[in-house]
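Visitor: One structure coming up, written as structure tokens, with questions to follow.
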Amino acid sequence: DDAEDLDLDLLTESFDADVNPHRVVIDCTNNEDVAEYYEKWMSAGVNVITPGKCASAGPLDRYRAIQASQRSNSVEWQYESSVGSALPVLTTLRDLIQTGDEVQLLRGCLSGTMAYVFKTLDEDTSFSDVVRATIDMDFAENDIREDLSGMDTAKKTVILARELGLDISVDDVEVESLLPDDIINKEYTGSREEVHAAILEDIKALDGPMLEWYRA
């Protein structure tokens, strides 16, 4: 009953009034509006931990500004789990670079959802059934379209590339979507479960084309 709606400006003001030297924001929203506050929070000496990709794969100017604020204020910006889930992919990459190694090639599957889809799709298992299984097993993003459009993988590619010192953005990554534009751009409403159910219903129309793709 005492819960209040989130007010990011009010939250930011509270950091200025907090004398605790160890302040941390754990952002699990993966929300662009929240990512816009990272620079302000770090300027106030607040550490940020997030599994989201909005800031680390977002606009390059904002990314650089957050990095500059992090360094000048000696705070932490941790987003290790944004790529590779619980695997220390980013830490290992940083260690290699900082110890003088030259990374020549990165290779791997960056999406558990896509990996399962491509592994499981066959003559007897439809595309929509495979996608439903990834949701049931909690492989998928909150919006399954992030996975199936290739955008989740593109963002992870950008994060890895930036760790290597490359100034690239999502627009620089060539992406081939499994979904048509009408599904990607459609506005779905309701709870996460309701949205996924509606998307799955629309995806059934792709079962035939995806089977032909599989046979090819």
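Ligands are numbered from 1 in the order shown, residues from 1 within each chain, and chains are lettered A, B, ... in the order they appear in the structure tokens.
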Quick one: residues within 10 Å of Ala161 of chain A, only C-alpha atoms counted, chain neighbours fewer than 6 positions away excluded, as a VMD selection string?
Guide: chain A and resid 57 106 155 167 to 169
Visitor: Distance table requested - segment 109-175 of chain A against segment 28-52 of chain A, cut-off 12 Å, only C-alpha atoms: one row per qualifying residue with the closest atom pair and its distance in Å to one decimal, ordered by chain and rising residue number, as a tab-separated table.
Guide:
residue	atom	partner	partner_atom	distance
A:Glu141	CA	A:Asn30	CA	10.4
A:Asn142	CA	A:Asn30	CA	9.7
A:Asp143	CA	A:Asn30	CA	11.2
A:Glu146	CA	A:Asn30	CA	11.9
A:Asp152	CA	A:Gly52	CA	10.5
A:Lys155	CA	A:Gly52	CA	10.1
A:Lys156	CA	A:Gly52	CA	10.3
A:Ile159	CA	A:Gly52	CA	11.0
Visitor: Can you tell me, as a PDB file with N, CA, C and O atoms, in the first residue's frame, what residues are no more than 9 Å from segment 175-178 of chain A when counting only C-alpha atoms, ignoring any on the same chain fewer than 4 positions away?
Guide:
ATOM      1  N   LEU A 148      13.936 -12.983 -32.220  1.00  0.00           N
ATOM      2  CA  LEU A 148      13.661 -13.501 -33.555  1.00  0.00           C
ATOM      3  C   LEU A 148      13.936 -12.486 -34.660  1.00  0.00           C
ATOM      4  O   LEU A 148      14.124 -12.864 -35.818  1.00  0.00           O
ATOM      5  N   SER A 149      13.962 -11.214 -34.312  1.00  0.00           N
ATOM      6  CA  SER A 149      14.297 -10.191 -35.307  1.00  0.00           C
ATOM      7  C   SER A 149      15.806 -10.066 -35.503  1.00  0.00           C
ATOM      8  O   SER A 149      16.271  -9.430 -36.445  1.00  0.00           O
ATOM      9  N   GLY A 150      16.570 -10.668 -34.582  1.00  0.00           N
ATOM     10  CA  GLY A 150      18.027 -10.553 -34.632  1.00  0.00           C
ATOM     11  C   GLY A 150      18.577  -9.349 -33.895  1.00  0.00           C
ATOM     12  O   GLY A 150      19.799  -9.184 -33.786  1.00  0.00           O
ATOM     13  N   MET A 151      17.700  -8.509 -33.348  1.00  0.00           N
ATOM     14  CA  MET A 151      18.170  -7.285 -32.695  1.00  0.00           C
ATOM     15  C   MET A 151      18.911  -7.573 -31.396  1.00  0.00           C
ATOM     16  O   MET A 151      19.864  -6.872 -31.050  1.00  0.00           O
ATOM     17  N   THR A 153      20.818 -10.149 -30.786  1.00  0.00           N
ATOM     18  CA  THR A 153      22.156 -10.565 -31.195  1.00  0.00           C
ATOM     19  C   THR A 153      22.957  -9.381 -31.713  1.00  0.00           C
ATOM     20  O   THR A 153      24.166  -9.264 -31.435  1.00  0.00           O
ATOM     21  N   ALA A 154      22.316  -8.485 -32.443  1.00  0.00           N
ATOM     22  CA  ALA A 154      22.998  -7.298 -32.958  1.00  0.00           C
ATOM     23  C   ALA A 154      23.524  -6.432 -31.814  1.00  0.00           C
ATOM     24  O   ALA A 154      24.650  -5.931 -31.861  1.00  0.00           O
ATOM     25  N   MET A 210       8.774 -21.306 -42.944  1.00  0.00           N
ATOM     26  CA  MET A 210       9.965 -21.739 -42.216  1.00  0.00           C
ATOM     27  C   MET A 210      10.279 -23.205 -42.488  1.00  0.00           C
ATOM     28  O   MET A 210      11.441 -23.615 -42.516  1.00  0.00           O
TER      29      MET A 210
END
Visitor: Which segment 2-115 of chain A residues have any atom within 12 Å of an atom of segment 126-138 of chain A, and for each, what is the nearest pair of atoms with distance in Å to one decimal, counting only C-alpha atoms, rows sorted by chain and number, as a Markdown table?
Guide:
| residue | atom | partner | partner_atom | distance |
| --- | --- | --- | --- | --- |
| A:Ser111 | CA | A:Thr134 | CA | 11.2 |
| A:Gly112 | CA | A:Thr134 | CA | 8.6 |
| A:Thr113 | CA | A:Thr134 | CA | 6.0 |
| A:Met114 | CA | A:Thr134 | CA | 9.0 |
| A:Ala115 | CA | A:Thr134 | CA | 9.9 |
Visitor: How many Å separate atom CA of Lys186 of chain A from atom CA of Ala216 of chain A?
Guide: 28.8 Å
Visitor: Measuring atom to atom with only C-alpha atoms, identify which of A:Val173, A:Ala68, A:Leu164, A:Val24 is nearest to Thr92 of chain A.
Guide: A:Leu164
Visitor: DSSP on the backbone, then: every residue of segment 4-207 of chain A marked helix (DSSP H, G or I), written as a PyMOL selection string.
Guide: chain A and resi 8-17+32-35+38-43+60-73+80-82+89-98+112-120+127-136+144-148+151-163+170-172+181-185+192-207
Visitor: Rank A:Gly108, A:Gly208, A:Pro21, A:Gly58 by their smallest atom-to-atom distance to Arg162 of chain A, using only C-alpha atoms, and report the top residue only.
Guide: A:Gly58
Visitor: Choose the residue, out of A:Ser56, A:Glu212, A:Asp207, A:Pro88, that has the smallest atom-to-atom separation from Thr125 of chain A; count only C-alpha atoms.
Guide: A:Asp207
Visitor: Determine which residues of segment 45-126 of chain A receive a DSSP assignment of strand (DSSP E), computed from the backbone, and state them as a PyMOL selection string.
Guide: chain A and resi 46-49+77-78
Visitor: For the residues in that selection, give me all heavy atoms as a tab-separated table (two decimals), in the first residue's frame.
Guide:
chain	number	residue	atom	x	y	z
A	46	VAL	N	27.31	7.18	-7.99
A	46	VAL	CA	26.48	5.97	-7.86
A	46	VAL	C	26.99	4.91	-8.83
A	46	VAL	O	27.22	5.18	-10.01
A	46	VAL	CB	25.01	6.28	-8.15
A	46	VAL	CG1	24.17	5.02	-8.07
A	46	VAL	CG2	24.49	7.34	-7.18
A	47	ASN	N	27.15	3.69	-8.32
A	47	ASN	CA	27.53	2.55	-9.16
A	47	ASN	C	26.29	2.00	-9.85
A	47	ASN	O	25.19	2.02	-9.28
A	47	ASN	CB	28.17	1.45	-8.32
A	47	ASN	CG	29.37	1.95	-7.53
A	47	ASN	OD1	30.45	2.12	-8.06
A	47	ASN	ND2	29.15	2.21	-6.24
A	48	VAL	N	26.45	1.49	-11.07
A	48	VAL	CA	25.32	0.94	-11.82
A	48	VAL	C	25.63	-0.49	-12.25
A	48	VAL	O	26.69	-0.76	-12.83
A	48	VAL	CB	25.00	1.80	-13.06
A	48	VAL	CG1	23.87	1.15	-13.88
A	48	VAL	CG2	24.61	3.21	-12.66
A	49	ILE	N	24.69	-1.38	-11.96
A	49	ILE	CA	24.80	-2.78	-12.38
A	49	ILE	C	23.55	-3.11	-13.19
A	49	ILE	O	22.43	-2.81	-12.75
A	49	ILE	CB	24.90	-3.73	-11.17
A	49	ILE	CG1	26.13	-3.39	-10.33
A	49	ILE	CG2	24.94	-5.19	-11.62
A	49	ILE	CD1	26.20	-4.15	-9.01
A	77	TRP	N	30.51	0.47	-13.53
A	77	TRP	CA	29.40	0.22	-14.47
A	77	TRP	C	29.55	-1.22	-14.93
A	77	TRP	O	30.37	-1.54	-15.77
A	77	TRP	CB	29.45	1.19	-15.64
A	77	TRP	CG	28.37	0.96	-16.67
A	77	TRP	CD1	27.17	0.36	-16.50
A	77	TRP	CD2	28.42	1.35	-18.06
A	77	TRP	NE1	26.45	0.34	-17.67
A	77	TRP	CE2	27.19	0.94	-18.65
A	77	TRP	CE3	29.36	1.98	-18.85
A	77	TRP	CZ2	26.90	1.16	-19.99
A	77	TRP	CZ3	29.08	2.20	-20.19
A	77	TRP	CH2	27.85	1.80	-20.75
A	78	GLN	N	28.76	-2.10	-14.34
A	78	GLN	CA	28.88	-3.52	-14.60
A	78	GLN	C	27.70	-4.01	-15.45
A	78	GLN	O	26.55	-3.85	-15.05
A	78	GLN	CB	28.94	-4.30	-13.28
A	78	GLN	CG	30.16	-3.98	-12.42
A	78	GLN	CD	31.46	-4.48	-13.03
A	78	GLN	OE1	31.46	-5.30	-13.93
A	78	GLN	NE2	32.57	-3.97	-12.53
Visitor: Quick one: pull the distance between atom CA of Leu206 of chain A and atom CA of Ile183 of chain A, Å, one decimal.
Guide: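 So the two atoms, atom CA of Leu206 of chain A and atom CA of Ile183 of chain A, lie 10.6 Å apart.
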Visitor: Rounded to one decimal, what separation in Å do you get between atom CA of Ala197 of chain A and atom CA of Ile184 of chain A?
Guide: 14.8 Å
Visitor: Would you please work out which residue, of A:Ala205, A:Val75, A:Ile199, A:Leu6, is nearest to His22 of chain A when using only C-alpha atoms?
Guide: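 Comparing A:Ala205, A:Val75, A:Ile199, A:Leu6 against His22 of chain A, the winner is A:Val75.
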